[in-house]
file my_file_29.txt (compact mmCIF, C-alpha atoms and all ligand atoms)
# COMPACT_ATOMS: atom_id res chain seq x y z
CA MET P 227 91.33 67.00 75.34
CA ALA P 228 92.28 69.78 77.74
CA TYR P 229 94.08 72.67 76.13
CA GLU P 230 97.82 72.71 76.79
CA PRO P 231 99.15 76.26 76.58
CA GLU P 232 102.81 75.18 76.74
CA VAL P 233 102.38 72.95 73.71
CA ALA P 234 100.68 75.73 71.78
CA ALA P 235 103.34 78.21 72.91
CA ALA P 236 106.05 76.03 71.44
CA LYS P 237 104.10 75.47 68.23
CA PHE P 238 103.31 79.17 67.70
CA ALA P 239 106.49 80.64 69.15
CA GLU P 240 107.48 82.28 65.87
CA ALA P 241 104.02 82.49 64.32
CA ASP P 242 102.42 85.52 62.76
CA PRO P 243 99.96 87.14 65.19
CA ARG P 244 97.09 86.49 62.77
CA ASP P 245 97.81 82.76 62.89
CA VAL P 246 97.86 82.86 66.67
CA LEU P 247 94.50 84.62 66.72
CA ALA P 248 93.00 82.16 64.23
CA HIS P 249 94.15 79.31 66.45
CA ALA P 250 92.76 81.06 69.55
CA VAL P 251 89.28 81.56 68.16
CA ASP P 252 89.32 78.04 66.79
CA ARG P 253 89.95 76.64 70.28
CA PHE P 254 87.96 79.05 72.46
CA GLU P 255 84.41 80.25 72.01
CA ARG P 256 84.44 82.52 75.02
CA ILE P 257 87.41 84.69 74.27
CA ALA P 258 88.02 88.41 74.74
CA LEU P 259 90.59 90.98 73.67
CA SER P 260 91.74 93.54 76.20
CA PHE P 261 92.24 96.75 74.22
CA SER P 262 94.12 99.55 75.92
CA GLY P 263 93.56 102.29 73.38
CA ALA P 264 97.20 102.27 72.30
CA GLU P 265 99.04 100.52 69.46
CA ASP P 266 97.35 97.26 70.40
CA VAL P 267 94.73 98.61 68.00
CA ALA P 268 96.63 96.42 65.54
CA LEU P 269 95.02 93.46 67.33
CA VAL P 270 91.58 95.04 66.97
CA ASP P 271 92.23 95.28 63.24
CA MET P 272 93.25 91.61 63.08
CA VAL P 273 90.32 90.50 65.22
CA ALA P 274 87.89 92.46 63.03
CA ASP P 275 88.85 90.15 60.16
CA LEU P 276 87.61 87.21 62.21
CA GLY P 277 84.06 88.54 62.42
CA ASP P 278 82.49 88.80 65.84
CA LYS P 279 84.16 85.80 67.41
CA VAL P 280 86.21 87.82 69.85
CA GLN P 281 84.69 90.12 72.45
CA ILE P 282 86.58 93.39 72.79
CA PHE P 283 86.74 95.26 76.05
CA CYS P 284 88.57 98.21 77.49
CA LEU P 285 89.16 99.06 81.13
CA ASP P 286 87.72 102.52 81.57
CA THR P 287 89.38 103.64 84.76
CA GLY P 288 87.77 107.05 84.56
CA ARG P 289 91.27 108.52 84.34
CA LEU P 290 92.12 107.96 80.68
CA HIS P 291 93.27 110.82 78.46
CA PRO P 292 90.50 112.64 76.58
CA GLU P 293 92.40 111.65 73.44
CA THR P 294 92.02 108.00 74.35
CA TYR P 295 88.26 108.32 74.86
CA ARG P 296 88.01 109.97 71.45
CA PHE P 297 90.15 107.23 69.97
CA LEU P 298 87.99 104.46 71.43
CA GLU P 299 84.99 106.04 69.79
CA LYS P 300 86.87 106.34 66.50
CA VAL P 301 87.79 102.65 66.58
CA ARG P 302 84.23 101.69 67.38
CA ASP P 303 82.99 103.70 64.39
CA HIS P 304 85.76 102.56 62.06
CA TYR P 305 85.25 98.85 62.59
CA GLY P 306 81.59 98.82 63.58
CA LEU P 307 82.57 96.64 66.51
CA ASP P 308 81.26 96.67 70.06
CA ILE P 309 83.88 97.76 72.54
CA GLU P 310 82.67 96.95 76.01
CA LEU P 311 83.84 99.45 78.58
CA MET P 312 84.48 97.89 81.96
CA PHE P 313 83.92 100.36 84.78
CA PRO P 314 85.20 100.10 88.33
CA ASP P 315 82.86 99.53 91.24
CA PRO P 316 81.57 103.06 92.01
CA GLU P 317 81.45 102.45 95.75
CA ALA P 318 85.06 101.35 95.86
CA VAL P 319 86.18 104.38 93.84
CA GLN P 320 84.08 106.68 95.98
CA GLN P 321 85.58 105.29 99.17
CA LEU P 322 89.12 105.56 97.81
CA VAL P 323 88.64 109.15 96.72
CA ARG P 324 86.85 110.11 99.92
CA GLU P 325 89.57 108.68 102.12
CA LYS P 326 92.67 109.38 100.07
CA GLY P 327 91.83 111.93 97.41
CA LEU P 328 92.14 111.84 93.64
CA PHE P 329 95.89 111.41 93.43
CA SER P 330 96.68 108.92 96.19
CA PHE P 331 98.90 106.92 93.82
CA TYR P 332 101.62 109.60 93.88
CA ARG P 333 101.89 109.17 97.64
CA ASP P 334 100.83 105.59 98.36
CA GLY P 335 101.85 103.84 95.15
CA HIS P 336 99.61 102.88 92.26
CA GLN P 337 98.55 99.45 93.47
CA GLU P 338 95.50 100.44 95.50
CA CYS P 339 94.02 102.64 92.78
CA CYS P 340 94.91 100.16 90.02
CA ALA P 341 93.35 97.31 92.00
CA ILE P 342 90.07 99.21 92.19
CA ARG P 343 90.01 100.85 88.79
CA LYS P 344 91.61 98.10 86.67
CA ILE P 345 92.10 94.73 88.31
CA GLU P 346 88.67 94.28 89.86
CA PRO P 347 86.82 95.12 86.61
CA LEU P 348 89.25 92.95 84.68
CA ARG P 349 88.68 90.05 87.05
CA ARG P 350 84.93 90.53 86.63
CA LYS P 351 85.27 90.39 82.86
CA LEU P 352 87.61 87.42 82.82
CA ALA P 353 85.30 85.39 85.04
CA ASN P 354 83.07 85.04 81.97
CA VAL P 355 85.59 83.95 79.36
CA ASP P 356 87.93 80.98 78.98
CA ALA P 357 90.72 82.82 77.21
CA TRP P 358 91.82 86.38 76.70
CA ILE P 359 94.15 88.25 74.41
CA THR P 360 96.62 90.97 75.35
CA GLY P 361 98.97 93.20 73.40
CA GLN P 362 102.04 92.29 75.48
CA ARG P 363 105.34 92.23 73.61
CA ARG P 364 108.77 91.09 74.67
CA ASP P 365 110.41 94.32 73.58
CA GLN P 366 108.24 96.50 75.82
CA SER P 367 110.41 96.24 78.90
CA PRO P 368 113.09 94.03 80.41
CA THR P 369 110.45 92.37 82.61
CA ARG P 370 108.60 91.10 79.52
CA ALA P 371 111.56 89.54 77.77
CA GLU P 372 110.15 86.05 78.34
CA VAL P 373 106.49 86.63 77.50
CA PRO P 374 105.26 83.61 75.51
CA VAL P 375 102.69 83.72 72.74
CA VAL P 376 100.34 81.51 74.76
CA GLN P 377 100.33 80.83 78.50
CA GLN P 378 98.20 79.69 81.36
CA ASP P 379 97.03 82.84 83.07
CA ARG P 380 98.54 82.71 86.52
CA ALA P 381 96.85 85.79 87.91
CA PHE P 382 93.19 85.13 87.12
CA SER P 383 92.88 81.37 86.76
CA THR P 384 91.17 79.68 89.66
CA PRO P 385 91.00 75.96 90.44
CA GLY P 386 87.49 75.82 88.98
CA HIS P 387 88.13 78.17 86.09
CA PRO P 388 91.43 77.85 84.27
CA LEU P 389 92.11 80.74 81.95
CA VAL P 390 94.42 80.90 78.95
CA LYS P 391 96.17 84.08 77.89
CA PHE P 392 97.23 84.77 74.32
CA ASN P 393 99.89 87.36 73.58
CA PRO P 394 99.91 87.27 69.78
CA LEU P 395 102.27 90.24 69.49
CA ALA P 396 104.82 88.76 71.90
CA ASN P 397 107.47 88.24 69.29
CA TRP P 398 106.78 91.35 67.26
CA THR P 399 108.79 94.49 67.82
CA SER P 400 107.29 97.92 68.19
CA ALA P 401 108.52 98.65 64.65
CA GLN P 402 106.62 95.68 63.27
CA VAL P 403 103.44 96.78 64.98
CA TRP P 404 103.80 100.27 63.55
CA ASP P 405 104.59 98.89 60.10
CA TYR P 406 101.34 96.97 60.33
CA ILE P 407 99.40 100.05 61.46
CA ARG P 408 100.76 102.10 58.56
CA GLU P 409 100.44 99.40 55.94
CA TYR P 410 96.80 98.70 56.76
CA GLU P 411 95.96 102.33 57.58
CA VAL P 412 94.79 101.38 61.03
CA PRO P 413 93.58 104.36 63.09
CA TYR P 414 95.83 105.19 66.03
CA ASN P 415 95.76 107.27 69.19
CA GLU P 416 96.97 110.82 68.55
CA LEU P 417 99.00 110.69 71.79
CA HIS P 418 101.55 108.55 69.95
CA GLU P 419 102.42 111.63 67.91
CA ARG P 420 103.24 113.49 71.11
CA GLY P 421 105.89 111.10 72.39
CA PHE P 422 103.71 108.62 74.25
CA LYS P 423 104.90 105.11 73.52
CA SER P 424 102.79 103.50 76.22
CA ILE P 425 99.32 104.85 76.93
CA GLY P 426 97.59 104.33 80.22
CA CYS P 427 95.83 106.62 82.67
CA GLU P 428 96.49 110.33 82.22
CA PRO P 429 98.03 111.03 85.64
CA CYS P 430 100.26 107.94 85.49
CA THR P 431 101.63 108.06 81.96
CA ARG P 432 104.14 110.40 80.40
CA PRO P 433 106.10 110.56 77.16
CA VAL P 434 109.48 108.81 77.15
CA ALA P 435 112.78 109.66 75.53
CA PRO P 436 113.71 107.72 72.37
CA HIS P 437 116.32 105.61 74.22
CA GLU P 438 113.97 104.62 77.06
CA HIS P 439 111.86 101.49 76.97
CA GLU P 440 108.18 102.27 76.66
CA ARG P 441 107.15 101.18 80.14
CA ALA P 442 109.49 103.80 81.60
CA GLY P 443 106.66 106.28 81.09
CA ARG P 444 104.45 104.56 83.65
CA TRP P 445 104.51 105.23 87.42
CA TRP P 446 107.94 106.79 86.98
CA TRP P 447 107.91 108.19 90.53
CA GLU P 448 107.91 104.66 91.95
CA ALA P 449 110.99 103.31 90.25
CA ALA P 450 113.05 103.15 93.40
CA THR P 451 110.49 101.41 95.57
CA GLN P 452 108.87 98.94 93.20
CA LYS P 453 110.27 95.88 94.87
CA GLU P 454 108.78 96.63 98.23
CA CYS P 455 107.16 93.21 98.68
CA GLY P 456 110.42 91.37 98.14
CA LEU P 457 112.10 90.10 101.26
CA HIS P 458 115.72 91.00 100.87
CA ILE P 459 117.31 87.99 102.42
CA THR P 460 120.57 88.14 100.55
CA ASN P 461 122.40 88.60 103.82
CA ILE P 462 121.24 85.17 104.95
CA ARG P 463 123.54 82.32 104.06
CA GLU P 464 122.44 80.54 100.88
CA ASP P 465 122.63 77.15 102.56
CA ASP P 466 120.15 78.34 105.20
CA ILE P 467 117.45 78.37 102.56
CA LYS P 468 115.50 75.16 102.21
CA PRO P 469 112.64 74.56 99.82
CA ALA P 470 109.18 74.86 101.38
CA ARG P 471 105.73 74.00 100.25
CA ALA P 472 104.23 77.36 99.32
CA SER P 473 100.49 77.67 98.95
CA ALA P 474 100.46 81.04 97.31
CA MET E 1 96.61 74.55 114.21
CA LYS E 2 99.11 77.32 114.73
CA ILE E 3 99.12 80.44 112.56
CA THR E 4 102.12 82.74 112.36
CA PHE E 5 101.98 86.13 110.67
CA VAL E 6 105.31 87.52 109.51
CA LYS E 7 105.62 91.20 108.74
CA LYS E 8 108.59 93.13 107.59
CA ILE E 9 110.70 96.12 108.53
CA LEU E 10 112.47 97.55 105.50
CA ALA E 11 116.23 97.98 105.31
CA ASP E 12 115.83 101.70 106.02
CA GLY E 13 113.95 100.93 109.26
CA SER E 14 110.52 101.90 107.98
CA PRO E 15 107.54 99.52 108.23
CA CYS E 16 106.44 97.71 105.07
CA ARG E 17 103.30 99.32 103.68
CA LYS E 18 101.74 96.10 102.46
CA CYS E 19 102.29 94.52 105.89
CA GLY E 20 100.47 97.48 107.44
CA ASP E 21 97.57 97.00 105.03
CA VAL E 22 97.29 93.32 105.90
CA GLN E 23 97.53 94.04 109.61
CA GLN E 24 94.71 96.55 109.23
CA ARG E 25 92.53 94.00 107.44
CA LEU E 26 93.22 91.43 110.15
CA ASP E 27 92.35 93.94 112.86
CA GLU E 28 89.21 95.27 111.21
CA SER E 29 87.84 91.81 110.44
CA GLY E 30 88.65 90.38 113.85
CA GLN E 31 90.75 87.71 112.14
CA ILE E 32 93.68 88.83 114.24
CA ASP E 33 92.18 86.66 116.98
CA HIS E 34 93.14 83.59 114.92
CA ILE E 35 96.79 84.61 114.68
CA ASP E 36 98.87 82.83 117.29
CA GLU E 37 102.15 84.57 116.72
CA VAL E 38 103.39 87.69 114.95
CA LEU E 39 107.04 87.74 113.93
CA ILE E 40 109.08 90.61 112.56
CA ALA E 41 111.33 90.10 109.56
CA ASP E 42 113.78 92.94 109.96
CA GLU E 43 115.79 93.37 106.79
CA ARG E 44 118.58 94.93 108.85
CA ASP E 45 118.93 91.81 110.95
CA ALA E 46 119.21 88.39 109.31
CA ASP E 47 118.78 86.84 112.74
CA SER E 48 115.44 88.48 113.45
CA PRO E 49 112.78 85.78 113.98
CA GLY E 50 110.86 86.57 110.79
CA MET E 51 114.00 86.57 108.64
CA ARG E 52 115.10 83.26 110.07
CA LEU E 53 111.69 81.72 109.42
CA ALA E 54 111.66 83.10 105.87
CA ALA E 55 115.07 81.57 105.25
CA GLU E 56 114.04 78.26 106.74
CA LEU E 57 110.96 78.08 104.54
CA GLY E 58 112.50 79.62 101.44
CA VAL E 59 110.03 82.50 101.39
CA ALA E 60 111.19 85.50 99.41
CA ARG E 61 108.46 88.02 100.10
CA ALA E 62 106.53 89.52 102.97
CA PRO E 63 104.10 89.66 104.56
CA PHE E 64 103.39 85.96 104.76
CA PHE E 65 101.54 83.46 106.91
CA VAL E 66 102.67 80.04 108.08
CA VAL E 67 100.00 77.53 109.02
CA GLU E 68 101.17 74.53 111.01
CA ASP E 69 98.70 71.71 111.20
CA GLY E 70 99.35 68.08 112.07
CA GLY E 71 103.05 68.32 111.42
CA GLU E 72 102.57 70.01 108.04
CA ARG E 73 103.54 73.60 107.35
CA ARG E 74 101.93 75.65 104.62
CA VAL E 75 103.04 79.10 103.53
CA TYR E 76 100.71 81.78 102.20
CA THR E 77 102.07 84.95 100.68
CA VAL E 78 98.62 86.17 99.60
CA TYR E 79 96.38 87.40 102.39
CA PHE E 80 93.18 86.87 100.42
CA LYS E 81 93.99 83.25 99.73
CA PHE E 82 95.04 82.68 103.32
CA ALA E 83 91.83 84.20 104.68
CA LYS E 84 89.69 82.18 102.33
CA GLU E 85 91.40 78.83 102.69
CA VAL E 86 92.47 78.89 106.30
CA LEU E 87 90.01 81.14 108.08
CA GLY E 88 87.11 80.09 105.89
CA GLY E 89 86.10 83.65 105.14
CA GLY E 90 84.16 84.55 102.04
CA GLU E 91 85.75 86.45 99.22
CA GLY E 92 85.65 89.66 101.23
CA LYS E 93 85.70 92.96 99.41
CA ALA E 94 86.27 92.64 95.66
CA SER E 95 88.81 95.45 95.80
CA ASP E 96 90.82 93.58 98.45
CA ALA E 97 90.89 90.48 96.29
CA ALA E 98 91.98 92.61 93.33
CA ARG E 99 94.73 94.14 95.43
CA ASP E 100 96.03 90.71 96.35
CA ILE E 101 96.03 89.64 92.71
CA LEU E 102 98.05 92.71 91.81
CA ASP E 103 100.49 92.29 94.67
CA ASP E 104 101.03 88.68 93.77
CA ASN E 105 101.47 89.45 90.08
CA PRO E 106 103.49 92.62 89.74
CA ASP E 107 103.87 91.89 86.03
CA LEU E 108 100.19 92.84 85.67
CA ASP E 109 101.36 96.32 84.77
CA TYR E 110 100.42 95.54 81.18
CA VAL E 111 96.76 96.35 81.83
S1 LIG P 501 97.21 103.88 86.30
FE1 LIG P 501 97.08 105.47 87.87
S2 LIG P 501 95.04 106.42 87.72
FE2 LIG P 501 95.05 104.50 86.51
S3 LIG P 501 94.20 103.02 87.86
FE3 LIG P 501 96.44 102.87 88.11
S4 LIG P 501 96.99 104.31 89.76
FE4 LIG P 501 94.84 104.72 89.15

call {"tool": "encode", "arguments": {"input": "my_file_29.txt", "output": "structure tokens", "more": "lines below"}}
Ligand code: SF4
result
Amino acid sequence: MAYEPEVAAAKFAEADPRDVLAHAVDRFERIALSFSGAEDVALVDMVADLGDKVQIFCLDTGRLHPETYRFLEKVRDHYGLDIELMFPDPEAVQQLVREKGLFSFYRDGHQECCAIRKIEPLRRKLANVDAWITGQRRDQSPTRAEVPVVQQDRAFSTPGHPLVKFNPLANWTSAQVWDYIREYEVPYNELHERGFKSIGCEPCTRPVAPHEHERAGRWWWEAATQKECGLHITNIREDDIKPARASA
Amino acid sequence: MKITFVKKILADGSPCRKCGDVQQRLDESGQIDHIDEVLIADERDADSPGMRLAAELGVARAPFFVVEDGGERRVYTVYFKFAKEVLGGGEGKASDAARDILDDNPDLDYV
């Protein structure tokens, strides 16, 4: 029977992340964990208990902090697990840097660089699995308040290749993740001790104040223009808007 | 078949960057020859042709394409998908496809 993510999401809505992972590996043979080098190391620790059933990969954009590279190596040594580094297409990076320099994201927005350095390698990786696991949590930012524990992946599924996404930490808080890391003496990225809640690429991540949500430390210079693709049609009468068949 | 390309002018009068990117891809690939009409959705003017079409079709983002064929209208808000399904192009550059995925899924900031 085809896997129904919505059914599983309801069943595991309040489940412990380890139960979600056990269910995931039970249902999917080709499954991979996307590890960012941050506190999602808790998932690496949980996955390590399941043997080698889950592939682990990390998107090496070439722009990560030196601390993160050292941390990846530490995790690899600690668990004796393979961590596959996914690299961007060198030609695409070369063209971007040749045409727009090394810091184009400050001027043009992060999307072009992220598409080349993260999304394309991620897409390449996900083409070879049927399910993947992320460290997304609902408490990370207001935009993630609805993240379910299991979902159909909308971004990378194709008609011929449906993909399921597991977010086992969705209903854990940051405090719970850190309790886990301390309790099980899980290694963690030293940047967390310097105020980084979220860890991404070095030029695009900064520490955040205690009252800010953790995603506030990413692409902070873009905050005002993030909704550029939206069509602000609020000045059109509501009753002018009719439903249409959208193909994308 | 009639293809309409709708691009946007922002509320501050500046052109939409993404629309410029898509226009450039259309121009460079020669696909612009398949576009029958280009409309402007000017956020400062709800009566601009592109804004009216967006309202009529319930489209909330730009740029977008409308394909009219045999009395049916289909809307594409992702260039890559439009090019592949309507113009029959291949996948094109992997980085372009990745860009479309990101633009269509802004919540992908978790990677
Ligand atoms: S986070 Fe910044 S450096 Fe990293 S891929 Fe995105 S834009 Fe490029």

call {"tool": "closest_residue", "arguments": {"input": "my_file_29.txt", "among": "E:Glu68, E:Asp45, E:Glu56, E:Glu37", "to": "chain P", "atoms": "only C-alpha atoms"}}
result
E:Glu56

call {"tool": "closest_atom_pairs", "arguments": {"input": "my_file_29.txt", "of": "chain E", "to": "chain P", "cutoff": "8 Å", "atoms": "all atoms listed in the file", "output": "CSV"}}
result
residue,atom,partner,partner_atom,distance
E:Lys8,CA,P:Leu457,CA,7.8
E:Cys16,CA,P:Glu454,CA,7.3
E:Lys18,CA,P:Cys455,CA,7.2
E:Glu43,CA,P:His458,CA,6.4
E:Ala46,CA,P:Ile462,CA,5.8
E:Met51,CA,P:Ile459,CA,7.2
E:Ala55,CA,P:Ile467,CA,4.8
E:Glu56,CA,P:Ile467,CA,5.4
E:Leu57,CA,P:Ala470,CA,4.8
E:Gly58,CA,P:Ile467,CA,5.2
E:Val59,CA,P:Ala470,CA,7.7
E:Ala60,CA,P:Leu457,CA,5.0
E:Arg61,CA,P:Gly456,CA,4.3
E:Ala62,CA,P:Cys455,CA,5.7
E:Pro63,CA,P:Cys455,CA,7.5
E:Arg73,CA,P:Arg471,CA,7.4
E:Arg74,CA,P:Arg471,CA,6.0
E:Val75,CA,P:Ala472,CA,4.7
E:Tyr76,CA,P:Ala474,CA,5.0
E:Thr77,CA,P:Ala474,CA,5.4
E:Val78,CA,P:Ala474,CA,5.9
E:Lys81,CA,P:Ala474,CA,7.3
E:Ala94,CA,P:Glu346,CA,6.5
E:Ser95,CA,P:Ile342,CA,5.4
E:Asp96,CA,P:Ala341,CA,7.9
E:Ala97,CA,P:Glu346,CA,7.8
E:Ala98,CA,P:Ala341,CA,5.1
E:Arg99,CA,P:Ala341,CA,4.9
E:Ile101,CA,P:Ala381,CA,6.2
E:Leu102,CA,P:Ala341,CA,6.6
E:Asp103,CA,P:Gln337,CA,7.5
E:Asp104,CA,P:Ala381,CA,7.8
E:Asn105,CA,P:Ala381,CA,6.3
E:Asp107,CA,P:Thr369,CA,7.4
E:Tyr110,CA,P:Gln362,CA,6.8
E:Val111,CA,P:Ser262,CA,7.2

call {"tool": "write_last_selection", "arguments": {"input": "my_file_29.txt", "atoms": "C-alpha atoms", "output": "short mmCIF file (atom, residue, chain, number, x, y, z; two decimals), keeping the file's coordinate frame"}}
result
data_model
loop_
_atom_site.label_atom_id
_atom_site.label_comp_id
_atom_site.auth_asym_id
_atom_site.auth_seq_id
_atom_site.Cartn_x
_atom_site.Cartn_y
_atom_site.Cartn_z
CA LYS E 8 108.59 93.13 107.59
CA CYS E 16 106.44 97.71 105.07
CA LYS E 18 101.74 96.10 102.46
CA GLU E 43 115.79 93.37 106.79
CA ALA E 46 119.21 88.39 109.31
CA MET E 51 114.00 86.57 108.64
CA ALA E 55 115.07 81.57 105.25
CA GLU E 56 114.04 78.26 106.74
CA LEU E 57 110.96 78.08 104.54
CA GLY E 58 112.50 79.62 101.44
CA VAL E 59 110.03 82.50 101.39
CA ALA E 60 111.19 85.50 99.41
CA ARG E 61 108.46 88.02 100.10
CA ALA E 62 106.53 89.52 102.97
CA PRO E 63 104.10 89.66 104.56
CA ARG E 73 103.54 73.60 107.35
CA ARG E 74 101.93 75.65 104.62
CA VAL E 75 103.04 79.10 103.53
CA TYR E 76 100.71 81.78 102.20
CA THR E 77 102.07 84.95 100.68
CA VAL E 78 98.62 86.17 99.60
CA LYS E 81 93.99 83.25 99.73
CA ALA E 94 86.27 92.64 95.66
CA SER E 95 88.81 95.45 95.80
CA ASP E 96 90.82 93.58 98.45
CA ALA E 97 90.89 90.48 96.29
CA ALA E 98 91.98 92.61 93.33
CA ARG E 99 94.73 94.14 95.43
CA ILE E 101 96.03 89.64 92.71
CA LEU E 102 98.05 92.71 91.81
CA ASP E 103 100.49 92.29 94.67
CA ASP E 104 101.03 88.68 93.77
CA ASN E 105 101.47 89.45 90.08
CA ASP E 107 103.87 91.89 86.03
CA TYR E 110 100.42 95.54 81.18
CA VAL E 111 96.76 96.35 81.83
#

call {"tool": "atom_distance", "arguments": {"input": "my_file_29.txt", "atom1": "atom CA of Asp278 of chain P", "atom2": "atom CA of Ile359 of chain P"}}
result
14.5 Å

call {"tool": "atom_distance", "arguments": {"input": "my_file_29.txt", "atom1": "atom CA of Val233 of chain P", "atom2": "atom CA of Gly386 of chain P"}}
result
21.5 Å

call {"tool": "residues_around", "arguments": {"input": "my_file_29.txt", "residues": "Cys427 of chain P", "least_positions_apart": "2", "cutoff": "9 Å", "atoms": "only C-alpha atoms", "output": "list in words"}}
result
Thr287, Gly288, Arg289, Leu290, His291, Ile425, Pro429, Cys430, Thr431 and Arg444 of chain P

call {"tool": "atom_distance", "arguments": {"input": "my_file_29.txt", "atom1": "atom CA of Thr4 of chain E", "atom2": "atom CA of Val66 of chain E"}}
result
5.1 Å

call {"tool": "closest_residue", "arguments": {"input": "my_file_29.txt", "among": "P:Asp271, P:Asp245, P:Glu438, P:Glu230", "to": "Tyr305 of chain P", "atoms": "only C-alpha atoms"}}
result
P:Asp271

call {"tool": "residues_around", "arguments": {"input": "my_file_29.txt", "residues": "Tyr410 of chain P", "least_positions_apart": "3", "cutoff": "12 Å", "atoms": "all atoms listed in the file", "output": "list of chain:residue names"}}
result
P:Val267, P:Ala268, P:Leu269, P:Asp271, P:Met272, P:Val403, P:Trp404, P:Asp405, P:Tyr406, P:Ile407, P:Pro413, P:Tyr414

call {"tool": "residues_around", "arguments": {"input": "my_file_29.txt", "residues": "Val376 of chain P", "least_positions_apart": "6", "cutoff": "7 Å", "atoms": "all atoms listed in the file", "output": "number ranges by chain"}}
result
P: 231, 234-235, 391-393

call {"tool": "closest_residue", "arguments": {"input": "my_file_29.txt", "among": "P:Gly421, P:Pro374, P:Pro394, P:Gly306", "to": "His437 of chain P", "atoms": "only C-alpha atoms"}}
result
P:Gly421

call {"tool": "closest_residue", "arguments": {"input": "my_file_29.txt", "among": "P:Glu428, P:Glu325, P:Glu240, P:Asp365", "to": "ligand LIG 501 (chain P)", "atoms": "all atoms listed in the file"}}
result
P:Glu428

call {"tool": "closest_residue", "arguments": {"input": "my_file_29.txt", "among": "E:Val67, E:Leu26, E:Leu108, E:Leu10", "to": "ligand LIG 501 (chain P)", "atoms": "all atoms listed in the file"}}
result
E:Leu108

call {"tool": "closest_residue", "arguments": {"input": "my_file_29.txt", "among": "P:Leu417, P:Val323, P:Ala435, P:Val375", "to": "ligand LIG 501 (chain P)", "atoms": "only C-alpha atoms and all ligand atoms"}}
result
P:Val323

call {"tool": "residues_around", "arguments": {"input": "my_file_29.txt", "residues": "segment 29-31 of chain E", "least_positions_apart": "3", "cutoff": "10 Å", "atoms": "all atoms listed in the file", "output": "list in words"}}
result
Gln23, Gln24, Arg25, Leu26, His34, Ile35, Ala83, Leu87, Gly89 and Gly92 of chain E

call {"tool": "write_last_selection", "arguments": {"input": "my_file_29.txt", "atoms": "C-alpha atoms", "output": "PDB file, in the frame of the given file"}}
result
ATOM      1  CA  GLN E  23      97.530  94.040 109.610  1.00  0.00           C
ATOM      2  CA  GLN E  24      94.710  96.550 109.230  1.00  0.00           C
ATOM      3  CA  ARG E  25      92.530  94.000 107.440  1.00  0.00           C
ATOM      4  CA  LEU E  26      93.220  91.430 110.150  1.00  0.00           C
ATOM      5  CA  HIS E  34      93.140  83.590 114.920  1.00  0.00           C
ATOM      6  CA  ILE E  35      96.790  84.610 114.680  1.00  0.00           C
ATOM      7  CA  ALA E  83      91.830  84.200 104.680  1.00  0.00           C
ATOM      8  CA  LEU E  87      90.010  81.140 108.080  1.00  0.00           C
ATOM      9  CA  GLY E  89      86.100  83.650 105.140  1.00  0.00           C
ATOM     10  CA  GLY E  92      85.650  89.660 101.230  1.00  0.00           C
TER      11      GLY E  92
END

call {"tool": "axis_aligned_box", "arguments": {"input": "my_file_29.txt", "around": "segment 236-241 of chain P", "padding_each_side": "5 Å", "output": "AutoDock Vina command-line options"}}
result
--center_x 105.4 --center_y 79.0 --center_z 67.9 --size_x 14.2 --size_y 17.0 --size_z 17.1

call {"tool": "residues_around", "arguments": {"input": "my_file_29.txt", "residues": "Ile309 of chain P", "least_positions_apart": "2", "cutoff": "12 Å", "atoms": "only C-alpha atoms", "output": "ChimeraX atom specification"}}
result
/P:258-263,267,270,274,278,280-286,295,297-307,311-312

call {"tool": "decode", "arguments": {"input": "my_file_29.txt", "residues": "segment 102-111 of chain E", "atoms": "N, CA and C atoms", "output": "PDB file, in the first residue's frame"}}
result
ATOM      1  N   LEU E 102      13.621  26.861  -5.365  1.00  0.00           N
ATOM      2  CA  LEU E 102      13.769  27.752  -4.204  1.00  0.00           C
ATOM      3  C   LEU E 102      12.737  28.881  -4.240  1.00  0.00           C
ATOM      4  N   ASP E 103      12.545  29.449  -5.411  1.00  0.00           N
ATOM      5  CA  ASP E 103      11.577  30.544  -5.514  1.00  0.00           C
ATOM      6  C   ASP E 103      10.161  30.068  -5.211  1.00  0.00           C
ATOM      7  N   ASP E 104       9.902  28.817  -5.589  1.00  0.00           N
ATOM      8  CA  ASP E 104       8.547  28.313  -5.382  1.00  0.00           C
ATOM      9  C   ASP E 104       8.347  27.766  -3.968  1.00  0.00           C
ATOM     10  N   ASN E 105       9.437  27.620  -3.247  1.00  0.00           N
ATOM     11  CA  ASN E 105       9.358  27.068  -1.887  1.00  0.00           C
ATOM     12  C   ASN E 105      10.213  27.902  -0.945  1.00  0.00           C
ATOM     13  N   PRO E 106       9.795  29.111  -0.667  1.00  0.00           N
ATOM     14  CA  PRO E 106      10.633  29.978   0.163  1.00  0.00           C
ATOM     15  C   PRO E 106      10.906  29.399   1.551  1.00  0.00           C
ATOM     16  N   ASP E 107      10.079  28.433   1.958  1.00  0.00           N
ATOM     17  CA  ASP E 107      10.312  27.823   3.271  1.00  0.00           C
ATOM     18  C   ASP E 107      11.526  26.901   3.264  1.00  0.00           C
ATOM     19  N   LEU E 108      12.174  26.759   2.080  1.00  0.00           N
ATOM     20  CA  LEU E 108      13.359  25.895   2.014  1.00  0.00           C
ATOM     21  C   LEU E 108      14.562  26.492   2.738  1.00  0.00           C
ATOM     22  N   ASP E 109      14.344  27.545   3.483  1.00  0.00           N
ATOM     23  CA  ASP E 109      15.470  28.154   4.194  1.00  0.00           C
ATOM     24  C   ASP E 109      15.984  27.266   5.324  1.00  0.00           C
ATOM     25  N   TYR E 110      15.381  26.086   5.492  1.00  0.00           N
ATOM     26  CA  TYR E 110      15.898  25.218   6.545  1.00  0.00           C
ATOM     27  C   TYR E 110      17.127  24.448   6.108  1.00  0.00           C
ATOM     28  N   VAL E 111      17.488  24.485   4.823  1.00  0.00           N
ATOM     29  CA  VAL E 111      18.694  23.756   4.413  1.00  0.00           C
ATOM     30  C   VAL E 111      19.894  24.695   4.429  1.00  0.00           C
TER      31      VAL E 111
END
